[in-house]
Each structure stands twice: as structure tokens, then as C-alpha cells.
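Trainee: Supplied structure: start.cif, mmCIF, C-alpha atoms and all ligand atoms.
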```
data_input
loop_
_atom_site.label_atom_id
_atom_site.label_comp_id
_atom_site.auth_asym_id
_atom_site.auth_seq_id
_atom_site.Cartn_x
_atom_site.Cartn_y
_atom_site.Cartn_z
CA MET F 1 0.00 0.00 0.00
CA THR F 2 1.30 3.47 -0.82
CA VAL F 3 0.61 6.49 1.34
CA ALA F 4 -0.21 10.01 0.20
CA HIS F 5 2.77 12.03 -1.04
CA ASN F 6 3.07 15.81 -1.25
CA ILE F 7 4.85 17.06 -4.37
CA TYR F 8 7.55 19.73 -4.59
CA ILE F 9 8.53 20.90 -8.09
CA HIS F 10 11.74 22.89 -8.39
CA VAL F 11 12.18 25.56 -11.06
CA PRO F 12 15.86 26.53 -10.93
CA PHE F 13 15.88 29.69 -13.11
CA CYS F 14 15.97 33.36 -12.09
CA MET F 15 16.29 36.57 -14.12
CA SER F 16 19.43 37.29 -12.06
CA LYS F 17 20.85 36.12 -8.76
CA CYS F 18 20.09 38.22 -5.66
CA ASN F 19 23.06 39.27 -3.54
CA TYR F 20 22.17 37.03 -0.58
CA CYS F 21 20.79 33.91 -2.23
CA ALA F 22 22.46 30.48 -2.27
CA PHE F 23 19.39 28.57 -3.38
CA PHE F 24 19.90 26.12 -6.24
CA SER F 25 19.08 28.35 -9.20
CA ARG F 26 20.91 30.10 -12.00
CA ALA F 27 20.47 33.37 -13.82
CA CYS F 28 19.02 32.59 -17.20
CA ALA F 29 16.93 35.09 -19.15
CA ALA F 30 15.63 32.51 -21.64
CA PRO F 31 15.65 28.95 -20.27
CA ASP F 32 14.75 26.07 -22.57
CA TRP F 33 11.24 25.73 -21.11
CA ARG F 34 10.29 22.95 -23.55
CA LYS F 35 13.16 20.78 -22.38
CA TYR F 36 12.61 21.55 -18.70
CA THR F 37 8.89 20.83 -18.99
CA ASP F 38 9.58 17.53 -20.75
CA ASP F 39 12.03 16.57 -17.99
CA ILE F 40 9.38 17.30 -15.35
CA LEU F 41 6.72 15.36 -17.28
CA SER F 42 8.96 12.32 -17.51
CA GLU F 43 9.75 12.52 -13.78
CA ILE F 44 6.00 12.59 -13.06
CA ASP F 45 5.63 9.45 -15.20
CA PHE F 46 8.58 7.84 -13.39
CA TRP F 47 6.95 8.36 -9.97
CA ALA F 48 3.54 7.22 -11.20
CA GLY F 49 5.24 4.01 -12.38
CA LYS F 50 7.02 3.54 -9.07
CA LEU F 51 4.34 4.57 -6.57
CA GLY F 52 1.10 4.06 -8.52
CA ARG F 53 -1.85 6.40 -8.40
CA ILE F 54 -0.99 8.12 -5.13
CA ASP F 55 -3.11 10.68 -3.29
CA VAL F 56 -1.56 14.16 -3.45
CA PRO F 57 -2.70 16.61 -0.78
CA THR F 58 -0.38 19.52 -1.72
CA ILE F 59 1.81 20.68 -4.60
CA PHE F 60 4.44 23.41 -4.22
CA PHE F 61 6.27 25.01 -7.16
CA GLY F 62 9.41 26.54 -5.63
CA GLY F 63 12.61 28.02 -6.92
CA GLY F 64 14.30 29.73 -8.36
CA THR F 65 11.48 31.71 -9.88
CA PRO F 66 8.61 29.44 -10.95
CA SER F 67 6.50 32.48 -11.90
CA LEU F 68 8.82 32.92 -14.92
CA MET F 69 7.45 29.73 -16.44
CA PRO F 70 5.18 30.11 -19.49
CA THR F 71 1.67 29.34 -18.25
CA ALA F 72 1.04 26.84 -21.09
CA ASN F 73 3.96 24.72 -19.81
CA PHE F 74 2.68 25.05 -16.26
CA SER F 75 -0.78 23.82 -17.36
CA GLU F 76 0.79 20.82 -19.10
CA ILE F 77 2.56 19.84 -15.88
CA MET F 78 -0.64 20.23 -13.85
CA GLU F 79 -2.61 18.17 -16.40
CA ARG F 80 -0.04 15.39 -16.33
CA MET F 81 -0.19 15.26 -12.53
CA ARG F 82 -4.02 15.13 -12.61
CA ASP F 83 -3.77 12.34 -15.14
CA ARG F 84 -1.32 10.23 -13.14
CA PHE F 85 -2.22 10.97 -9.49
CA ASN F 86 -5.28 11.61 -7.31
CA ILE F 87 -4.99 15.33 -6.71
CA ALA F 88 -7.39 16.06 -3.86
CA PRO F 89 -10.18 18.48 -4.88
CA ASN F 90 -9.11 20.76 -2.03
CA ALA F 91 -5.37 20.26 -2.66
CA GLU F 92 -3.22 23.27 -1.80
CA ILE F 93 -1.33 24.33 -4.95
CA THR F 94 1.29 27.01 -4.32
CA ILE F 95 3.59 28.85 -6.69
CA GLU F 96 6.45 31.12 -5.61
CA SER F 97 6.60 34.39 -7.49
CA ASN F 98 8.79 37.45 -7.91
CA PRO F 99 7.20 40.88 -8.40
CA GLY F 100 7.81 41.99 -11.98
CA THR F 101 7.39 38.49 -13.44
CA LEU F 102 3.63 38.19 -13.12
CA ASP F 103 0.93 40.53 -14.41
CA ALA F 104 -2.81 40.11 -13.80
CA THR F 105 -3.32 38.13 -17.04
CA ARG F 106 -0.59 35.60 -16.27
CA LEU F 107 -1.78 35.36 -12.67
CA ASP F 108 -5.26 34.43 -13.95
CA GLU F 109 -3.72 31.80 -16.24
CA PHE F 110 -1.84 30.21 -13.33
CA ILE F 111 -5.06 30.24 -11.30
CA ALA F 112 -7.00 28.66 -14.20
CA ALA F 113 -4.34 25.91 -14.25
CA GLY F 114 -4.96 25.16 -10.56
CA VAL F 115 -2.89 27.55 -8.42
CA ASN F 116 -4.78 28.54 -5.27
CA ARG F 117 -1.92 29.98 -3.20
CA LEU F 118 0.62 32.60 -4.29
CA SER F 119 3.82 33.20 -2.36
CA ILE F 120 5.29 36.61 -3.24
CA GLY F 121 8.96 37.49 -2.64
CA VAL F 122 8.48 41.05 -1.36
CA GLN F 123 11.64 40.99 0.84
CA SER F 124 11.49 44.67 1.87
CA LEU F 125 9.17 47.69 1.79
CA ASP F 126 12.10 50.08 1.15
CA ASP F 127 13.40 50.67 -2.41
CA ASP F 128 16.99 51.31 -1.24
CA GLU F 129 17.01 48.00 0.61
CA LEU F 130 15.65 46.18 -2.46
CA LEU F 131 18.53 47.64 -4.47
CA PHE F 132 21.03 46.59 -1.81
CA LEU F 133 19.57 43.04 -1.82
CA GLY F 134 19.97 42.90 -5.61
CA ARG F 135 16.25 42.64 -6.33
CA ARG F 136 14.98 43.61 -9.78
CA HIS F 137 11.69 45.12 -8.58
CA THR F 138 10.49 48.13 -6.60
CA VAL F 139 8.10 48.28 -3.65
CA ALA F 140 5.44 49.61 -6.07
CA ASP F 141 5.86 46.49 -8.27
CA ALA F 142 5.37 44.27 -5.22
CA LEU F 143 2.29 46.21 -4.06
CA ARG F 144 0.75 45.88 -7.53
CA LEU F 145 1.16 42.10 -7.46
CA ILE F 146 -0.13 41.91 -3.87
CA ASP F 147 -3.24 43.91 -4.86
CA ALA F 148 -3.88 41.73 -7.90
CA ALA F 149 -3.47 38.54 -5.85
CA LYS F 150 -5.64 39.76 -2.97
CA SER F 151 -8.49 40.62 -5.32
CA ARG F 152 -8.63 37.01 -6.52
CA ASP F 153 -9.95 33.92 -4.75
CA ILE F 154 -6.55 32.56 -3.68
CA ARG F 155 -4.42 32.55 -0.55
CA VAL F 156 -1.55 35.03 -0.53
CA SER F 157 1.72 34.91 1.37
CA ALA F 158 4.70 37.29 1.37
CA ASP F 159 8.39 36.68 2.14
CA PHE F 160 10.41 39.35 3.97
CA ILE F 161 14.05 39.46 5.05
CA TYR F 162 15.08 41.25 8.25
CA GLY F 163 18.38 41.67 10.09
CA LEU F 164 20.04 43.63 7.27
CA PRO F 165 23.07 45.83 8.17
CA GLY F 166 21.63 48.83 10.04
CA HIS F 167 18.43 47.01 11.09
CA ASN F 168 17.33 47.15 14.71
CA ALA F 169 14.15 46.47 16.70
CA THR F 170 12.74 49.95 15.92
CA LYS F 171 13.15 49.46 12.16
CA VAL F 172 11.69 45.96 12.27
CA LYS F 173 8.74 47.22 14.30
CA ALA F 174 8.01 49.82 11.58
CA LEU F 175 8.29 47.08 8.92
CA CYS F 176 5.80 44.88 10.80
CA GLN F 177 3.39 47.82 11.22
CA ASN F 178 3.51 48.41 7.46
CA ILE F 179 2.95 44.69 6.83
CA ASN F 180 -0.11 44.89 9.14
CA LYS F 181 -1.42 47.85 7.13
CA ILE F 182 -1.15 45.91 3.85
CA GLY F 183 -2.83 42.95 5.56
CA PHE F 184 -1.68 39.38 4.93
CA SER F 185 -3.05 36.06 6.17
CA HIS F 186 0.45 34.53 5.87
CA CYS F 187 4.01 35.89 5.99
CA SER F 188 7.45 34.31 6.12
CA MET F 189 9.95 36.48 8.00
CA TYR F 190 13.53 35.33 7.34
CA GLU F 191 16.57 36.53 9.25
CA LEU F 192 19.27 37.44 6.69
CA THR F 193 21.80 34.60 6.56
CA ILE F 194 25.16 35.39 5.01
CA GLU F 195 25.94 32.54 2.61
CA PRO F 196 29.61 32.08 1.66
CA ASN F 197 29.33 31.83 -2.14
CA THR F 198 27.19 34.91 -2.68
CA PRO F 199 28.08 38.61 -3.21
CA PHE F 200 27.13 39.28 0.45
CA GLY F 201 29.42 36.44 1.53
CA LYS F 202 32.36 38.35 0.06
CA MET F 203 31.47 41.80 1.37
CA ASN F 204 32.34 41.66 5.07
CA LEU F 205 29.04 43.32 6.01
CA ASP F 206 28.52 44.99 9.36
CA MET F 207 25.77 42.68 10.60
CA PRO F 208 23.60 43.20 13.70
CA SER F 209 24.81 41.31 16.81
CA ASN F 210 23.12 38.10 17.99
CA ALA F 211 21.44 40.06 20.80
CA GLU F 212 20.07 42.61 18.31
CA MET F 213 18.85 39.76 16.06
CA ALA F 214 17.05 38.18 19.05
CA ASP F 215 15.44 41.57 19.81
CA MET F 216 14.21 41.85 16.22
CA TYR F 217 12.85 38.28 16.34
CA ASN F 218 10.86 39.07 19.50
CA THR F 219 9.67 42.39 18.04
CA ILE F 220 8.17 40.56 15.05
CA ASP F 221 6.31 38.23 17.42
CA GLU F 222 4.96 41.20 19.39
CA THR F 223 4.05 43.46 16.44
CA LEU F 224 2.82 41.32 13.57
CA ASN F 225 -0.97 40.74 13.52
CA LEU F 226 -0.35 37.06 12.77
CA SER F 227 0.52 34.06 14.96
CA ARG F 228 3.93 32.46 14.71
CA TYR F 229 3.50 28.78 13.82
CA GLU F 230 7.11 28.01 12.91
CA VAL F 231 10.44 29.76 13.55
CA SER F 232 10.07 31.98 10.43
CA ASN F 233 6.37 31.58 9.56
CA TYR F 234 3.30 33.51 10.67
CA ALA F 235 -0.36 33.09 9.77
CA THR F 236 -3.91 33.81 10.71
CA PRO F 237 -4.93 30.47 12.31
CA GLY F 238 -6.23 28.22 9.52
CA PHE F 239 -4.07 29.91 6.86
CA GLU F 240 -0.80 28.07 7.57
CA CYS F 241 1.06 26.63 4.56
CA ARG F 242 -0.27 23.06 4.46
CA HIS F 243 2.56 21.84 2.21
CA ASN F 244 5.28 22.90 4.62
CA GLN F 245 3.28 21.77 7.66
CA ASN F 246 2.88 18.29 6.16
CA ILE F 247 6.61 18.08 5.49
CA TRP F 248 7.54 19.40 8.94
CA ASP F 249 5.14 16.80 10.40
CA GLY F 250 7.16 14.12 8.63
CA ASP F 251 4.71 13.20 5.84
CA ALA F 252 6.05 11.78 2.58
CA TYR F 253 6.93 14.04 -0.35
CA ILE F 254 8.46 13.71 -3.80
CA GLY F 255 10.96 16.24 -5.16
CA ILE F 256 10.68 16.81 -8.92
CA GLY F 257 13.02 18.93 -11.07
CA ASN F 258 16.75 19.71 -10.93
CA GLY F 259 18.12 19.52 -7.42
CA ALA F 260 14.79 18.61 -5.80
CA ALA F 261 14.95 16.22 -2.85
CA GLY F 262 12.19 14.23 -1.22
CA ARG F 263 11.37 11.61 1.39
CA VAL F 264 9.49 8.76 -0.25
CA PHE F 265 7.65 6.03 1.69
CA LEU F 266 7.28 2.75 -0.16
CA ASP F 267 6.38 -0.73 1.14
CA GLY F 268 7.02 0.29 4.74
CA VAL F 269 10.47 1.80 4.07
CA TRP F 270 11.55 5.48 4.03
CA TYR F 271 13.81 6.54 1.17
CA GLU F 272 15.97 9.62 0.74
CA GLN F 273 15.26 10.75 -2.81
CA LEU F 274 17.03 13.09 -5.20
CA GLY F 275 15.81 13.52 -8.77
CA ALA F 276 14.27 10.59 -10.63
CA GLY F 277 16.76 7.93 -9.65
CA ALA F 278 19.85 10.10 -8.96
CA ARG F 279 19.52 8.97 -5.35
CA PHE F 280 17.00 6.56 -3.85
CA GLU F 281 18.44 5.14 -0.64
CA PRO F 282 16.65 3.64 2.32
CA ILE F 283 16.99 5.58 5.57
CA THR F 284 16.72 4.04 9.00
CA THR F 285 13.71 4.61 11.23
CA GLN F 286 16.06 6.37 13.68
CA SER F 287 17.35 8.83 11.01
CA ARG F 288 13.82 9.56 9.83
CA ALA F 289 12.72 10.13 13.43
CA VAL F 290 15.60 12.58 13.97
CA GLU F 291 14.59 14.50 10.84
CA LYS F 292 11.03 14.72 12.16
CA ILE F 293 12.31 15.98 15.54
CA ILE F 294 14.42 18.68 13.84
CA THR F 295 11.54 20.01 11.72
CA GLY F 296 8.76 19.34 14.26
CA LEU F 297 10.43 21.26 17.08
CA ARG F 298 10.68 24.34 14.83
CA THR F 299 6.86 24.47 14.83
CA THR F 300 4.81 25.86 17.69
CA ARG F 301 2.51 22.82 17.69
CA GLY F 302 5.53 20.52 18.00
CA LEU F 303 5.39 16.87 17.00
CA LEU F 304 3.36 13.82 17.89
CA LEU F 305 5.11 11.69 20.51
CA ALA F 306 4.63 8.53 18.38
CA PRO F 307 6.57 5.30 19.09
CA ASP F 308 9.32 6.09 16.52
CA ILE F 309 9.91 9.47 18.19
CA LYS F 310 9.85 7.99 21.71
CA ASN F 311 12.49 5.46 20.64
CA ALA F 312 14.72 8.16 19.17
CA ILE F 313 14.82 10.54 22.13
CA ASN F 314 16.52 10.63 25.46
CA MET F 315 13.49 10.61 27.83
CA GLU F 316 15.69 11.50 30.79
CA TYR F 317 16.79 14.75 29.11
CA LEU F 318 13.17 15.51 28.23
CA ASN F 319 12.01 15.03 31.84
CA GLN F 320 14.88 17.05 33.30
CA ASN F 321 14.49 20.07 30.99
CA GLN F 322 10.87 21.10 31.28
CA GLU F 323 11.76 24.78 30.93
CA LEU F 324 12.94 23.95 27.38
CA LEU F 325 10.56 21.20 26.31
CA GLU F 326 6.96 20.39 27.20
CA ILE F 327 4.59 17.52 26.54
CA ALA F 328 0.88 18.24 26.10
CA ASP F 329 -1.93 16.42 24.25
CA GLY F 330 0.49 13.66 23.25
CA ARG F 331 2.78 16.16 21.49
CA ILE F 332 6.24 17.35 22.38
CA ARG F 333 7.14 20.99 21.74
CA ALA F 334 9.90 23.47 22.49
CA THR F 335 9.00 26.22 24.97
CA LYS F 336 9.70 29.87 24.10
CA ARG F 337 13.09 29.49 25.79
CA GLY F 338 13.75 26.21 24.01
CA MET F 339 12.98 27.80 20.62
CA LEU F 340 15.91 30.20 21.11
CA ILE F 341 18.43 27.32 21.38
CA LEU F 342 16.88 24.76 19.03
CA ASP F 343 20.13 23.40 17.55
CA GLU F 344 21.61 22.66 20.97
CA LEU F 345 18.27 21.29 22.17
CA VAL F 346 17.99 18.76 19.35
CA LEU F 347 21.60 17.63 19.86
CA ASN F 348 20.89 16.86 23.51
CA LEU F 349 17.46 15.37 22.93
CA VAL F 350 18.22 12.70 20.35
CA LYS F 351 19.91 9.48 21.44
C1 LIG X 401 13.33 29.93 -2.63
S1 LIG X 401 13.55 31.58 -2.19
C2 LIG X 401 12.81 32.33 -3.57
C3 LIG X 401 11.55 32.83 -3.89
C4 LIG X 401 11.51 33.80 -5.06
N1 LIG X 401 12.40 33.45 -6.09
C5 LIG X 401 11.88 35.21 -4.60
O1 LIG X 401 13.05 35.53 -4.65
O2 LIG X 401 11.00 35.92 -4.19
C6 LIG X 401 12.48 31.77 -0.82
C7 LIG X 401 12.83 32.87 0.12
O3 LIG X 401 13.98 32.59 0.85
C8 LIG X 401 14.47 33.79 1.40
N2 LIG X 401 15.94 33.77 1.37
C9 LIG X 401 16.72 33.30 0.38
N3 LIG X 401 18.03 33.44 0.73
C10 LIG X 401 18.05 33.99 1.97
C11 LIG X 401 19.10 34.37 2.87
N4 LIG X 401 20.37 34.21 2.56
N5 LIG X 401 18.75 34.91 4.07
C12 LIG X 401 17.46 35.06 4.40
N6 LIG X 401 16.44 34.72 3.59
C13 LIG X 401 16.72 34.20 2.39
C14 LIG X 401 13.85 34.93 0.60
O4 LIG X 401 12.95 35.64 1.41
C15 LIG X 401 13.11 34.20 -0.49
O5 LIG X 401 11.92 34.85 -0.86
S1 LIG X 402 15.96 35.08 -3.88
FE1 LIG X 402 14.61 34.24 -5.44
S2 LIG X 402 14.99 35.52 -7.28
FE2 LIG X 402 16.65 35.90 -5.89
S3 LIG X 402 18.25 34.48 -6.59
FE3 LIG X 402 17.14 33.47 -4.91
S4 LIG X 402 15.60 32.25 -5.88
FE4 LIG X 402 16.33 33.75 -7.42
#
```
Just dump the structure as C-alpha cells.
Mentor:
Amino acid sequence: MTVAHNIYIHVPFCMSKCNYCAFFSRACAAPDWRKYTDDILSEIDFWAGKLGRIDVPTIFFGGGTPSLMPTANFSEIMERMRDRFNIAPNAEITIESNPGTLDATRLDEFIAAGVNRLSIGVQSLDDDELLFLGRRHTVADALRLIDAAKSRDIRVSADFIYGLPGHNATKVKALCQNINKIGFSHCSMYELTIEPNTPFGKMNLDMPSNAEMADMYNTIDETLNLSRYEVSNYATPGFECRHNQNIWDGDAYIGIGNGAAGRVFLDGVWYEQLGAGARFEPITTQSRAVEKIITGLRTTRGLLLAPDIKNAINMEYLNQNQELLEIADGRIRATKRGMLILDELVLNLVK
């Protein structure tokens, strides 16, 4: 018997690389969309052959910049998935988008093909900061896309980056107040990470201290009109990203497209998956449990204390550190204090 699998489809092309970004994508103004679409279609066929007609609760097109894709190619991919899998009628279908790549007409075409959730990379509400980050759009471009998306019957999310050089709690508070004024049901708030092989990695930037970063993190929690449900994710209750929640909960997912990884569950065994056959290796119950602990503890609802999790953790540590970890309703979760030292916490918790 095969279980339901979520699907992640990676689109590794961008108009240009942003100064901070180490995601697997390359700057390419005119990708060979025919070839890339054909590759994705054959991967879909590959998984249908391997797993059968699986139930698919969520699909997430991430990148890169999936909103660059011609909508006819996108529709073909959606049709092939509907043909090969059971896509739930209420499936969440998300596409990541960059302002400037999507006008109202193309947005409607993506929606007609099945998209019901748009994630918009807004990053900042300050044009100078957008320039510094290496973005190709202005705040006005982002607001236009937000308006278009909000006037349609889809869910809308926005990504922001905080903790830039010169940022402090006061600045982040003003950002959150402006986000509240625009009004979102979902936002991802990412602390700027300096990645080695990026322009920022070579610039020796004057970054805020750890204490200032912690202040900004708490300010977001206090100011944003949304509830934190994961370290970097906020939503009106009921509007959380189901795709990510399923994956953080430890559900199975397939990664399709260049560089896309998944965790496939077949005949009672978990597999680490990369591409269509590039890697397909069994992983032990203990390793899978540790992965679930790492992602589950990042969420405010924590993770189900199921037998595989109980076997993987050091119960003595759990019982002796109730200021860091709590058990309620059969779930284990990090307390507010625990959330601040998650990496250390996980190291101590797993056997
Ligand atoms: C897969 S990326 C791309 C989405 C889309 N291409 C865009 O740029 O809007 C998802 C998000 O990760 C965040 N991100 C990428 N690199 C980051 C970094 N070094 N530090 C903090 N956030 C980062 C950005 O907010 C970005 O929107
Ligand atoms: S942040 Fe988005 S647009 Fe910028 S390089 Fe990364 S994936 Fe591409």
C-alpha cells in the first residue's frame, strides 16, 4: 500500500541572482522551457510508475522563480499530474513568485491551471534596501502584485528578510506595522543569513549582533498581527502553509526537477530521494525520526510523541528540561526558551 505524497517541483531559473541567495538556481533570461517541462513530465511518469496512483494533498512550485514559467507549460505539468495521481479536490497548490514576473493576465492563467496559493517574494518595503539586496523590482511592483493577488480567490503569502546591516528592533517594528497595514493572512519572516558563495558572503558586512537579532525576532512576534506557527512563519490560524506543515510533520513528499529532494515512503520503508533515480536510498527509522524531531520542534505545535519518536529521544533529558521542552496532548514541543536554542536542544534530545 502506498501512502499520500506531497509534491515539490523545483524551477531553478531566475532573471538574475540576488546578492544574498544560495538557493539552487541560476540566472538565465531565456531557459529552454520545452526541455525543462519535458524533464518534469517524464519525472512525473517515473513516480507514477514507481508509486502508482498516489493521493496528493499539496503541490508546491518553488525556486528559483517558478512564476517565470510560461503558463502553457505550467498547465501541461498540472494536467499530467491530474492524469497520473489523485490530486485532492481541495489540494493546496502554491507557486512562488517574484514581483515583476507576473501581471494580472498571467496570474489568472496560473489560477485557471490550478494555483490557489501565491507566495510573493516582497523581501522589503524600502526601495533602497531592495537595491542593496539585488532585487529587480520596486516596492510599487510588489504592491501591484499583492493587490492583484488579494483581489482574486486565492491565498496570498509574502516573504520578507530582516536583520540587514543597520536594522534594529525599531526598524523591524516599523516594517511589521507596514505589513499589518497591507494585511496578509500569511508571511514568512527570514533573518538574513550570510551565505559564503554569494556577493554578500564576500562583502564583510557589518551585521547586527546576535542580541540585536534576538530583539528583532521578539519584536516581530509582538508586532505582527499574525501568529507564529514556525520559527520563520506567521499566519492567521487556519491559513498556515499546508505543504510545509505536512513536510515538517514528517509526511512523505516527492521532489521533482533539478536539485529537488524528497522523502518517499514505499512498502514500509523510508527513502531519501534526489531527482528521478539520482539517489534513492533507504533511511533508517532512527534517522527519519531525527529528521522529524528537527523540523517538528521548529513548529509551535511541536510533533506527535509517536513510538518512533519515543524510541529516538533521550526521555531522561526531556524530563529534566521542562523549561525547554513540554509535553501536552500527546505532542512534544519546544517552549519559548527552548525555541531560542533549538540546535543545541535537538543535539541533547536525540539518542
Ligand atoms: C526559494 S527563495 C525564492 C523565492 C523567489 N524566487 C523570490 O526571490 O522571491 C524563498 C525565500 O527565501 C528567502 N531567502 C533566500 N536566501 C536567503 C538568505 N540568505 N537569508 C534570508 N532569507 C533568504 C527569501 O525571502 C526568499 O523569498
Ligand atoms: S531570492 Fe529568489 S529571485 Fe533571488 S536568486 Fe534566490 S531564488 Fe532567485
Trainee: Between F:Ala4, F:Thr223, F:Trp47, F:Arg152, single out the one closest to F:Gln177, counting all atoms listed in the file.
Mentor: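 Nearest candidate to F:Gln177 out of F:Ala4, F:Thr223, F:Trp47, F:Arg152: F:Thr223.
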Trainee: Using all atoms listed in the file, can you tell me which of F:Glu281, F:Glu92, F:Asp215, F:Gly259 comes closest to F:Pro12?
Mentor: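 Counting all atoms listed in the file, the residue closest to F:Pro12 is F:Gly259.
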Trainee: Give as a PyMOL selection string the set of residues within 12 Å of the point (9.1, 26.1, -7.8), where distances use the file's coordinates and only C-alpha atoms.
Mentor: chain F and resi 7-14+23-25+40+59-69+74+93-98+118-119+255-260
Trainee: Could you name the residues that touch F:Phe265 at 8 Å or less, counting only C-alpha atoms, but leaving out those on the same chain fewer than 2 positions away, as a tab-separated table (two decimals) with C-alpha atoms, in the coordinates of the input?
Mentor:
```
chain	number	residue	atom	x	y	z
F	2	THR	CA	1.30	3.47	-0.82
F	3	VAL	CA	0.61	6.49	1.34
F	252	ALA	CA	6.05	11.78	2.58
F	263	ARG	CA	11.37	11.61	1.39
F	267	ASP	CA	6.38	-0.73	1.14
F	268	GLY	CA	7.02	0.29	4.74
F	269	VAL	CA	10.47	1.80	4.07
F	270	TRP	CA	11.55	5.48	4.03
F	271	TYR	CA	13.81	6.54	1.17
```
Trainee: Between atom CA of F:Leu349 and atom CA of F:Leu324, what is the spacing in Å?
Mentor: 10.7 Å
Trainee: So which one's closest to ligand LIG 402 (chain X), F:Leu304, F:Ala328, F:Ile120, F:Ile220? Using all atoms listed in the file, please.
Mentor: F:Ile120
Trainee: Go through F:Thr198, F:Ser287, F:Thr105, F:Asn180 one by one, measure the shortest atom-to-atom distance of each to F:Ala235 using all atoms listed in the file, and give the residue with the smallest value.
Mentor: F:Asn180
Trainee: Of the residues F:Val122, F:Ile293, F:Met339, F:Ile146, which is the one nearest to F:Arg228, using only C-alpha atoms?
Mentor: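 Of the candidates, the smallest distance to F:Arg228 is held by F:Met339.
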Trainee: Would you please work out which residue, of F:Asp159, F:Asp103, F:Asp206, F:Asp147, is nearest to ligand LIG 402 (chain X) when using only C-alpha atoms and all ligand atoms?
Mentor: F:Asp159
Trainee: In Å to one decimal, how far is atom CA of F:Glu272 from atom CA of F:Asp249?
Mentor: 16.2 Å
Trainee: Around all the atoms of stretch 151-167 of chain F listed in the file, draw an axis-aligned box and extend it by 3 Å on each of the six sides; I want its centre and edge lengths in Å to one decimal, as lines of an AutoDock Vina configuration file.
Mentor:
```
center_x = 6.6
center_y = 40.7
center_z = 2.3
size_x = 39.0
size_y = 22.3
size_z = 23.6
```
Trainee: Please, what distance in Å, to one decimal, runs between atom N3 of ligand LIG 401 (chain X) and atom CA of F:Pro237?
Mentor: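 Computed distance, atom N3 of ligand LIG 401 (chain X) to atom CA of F:Pro237, equals 25.9 Å.
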Trainee: Just want the 6 Å neighbourhood of F:Glu191, counted on all atoms listed in the file, with same-chain residues fewer than 6 positions away dropped. Output as a ChimeraX atom specification.
Mentor: /F:161-163
Trainee: Find the residues near F:Ala88: any atom within 10 Å, counting all atoms listed in the file, skip ones fewer than 3 places away on the same chain, and give them as a count of residues only.
Mentor: 8
Trainee: Show which residues sit within 9 Å of F:Pro165, as a count of residues only. Count all atoms listed in the file, and ignore same-chain residues fewer than 4 positions away.
Mentor: 4
Trainee: When you look at F:Gly201 with a cut-off of 12 Å (counting only C-alpha atoms), what residues show up, excluding the ones that are within fewer than 2 positions of it in the same chain? I need them as a list of chain:residue names.
Mentor: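 Surrounding residues, per the criterion: F:Cys18, F:Asn19, F:Tyr20, F:Cys21, F:Ala22, F:Leu192, F:Thr193, F:Ile194, F:Glu195, F:Pro196, F:Asn197, F:Thr198, F:Pro199, F:Met203, F:Asn204, F:Leu205, F:Asp206, F:Met207.
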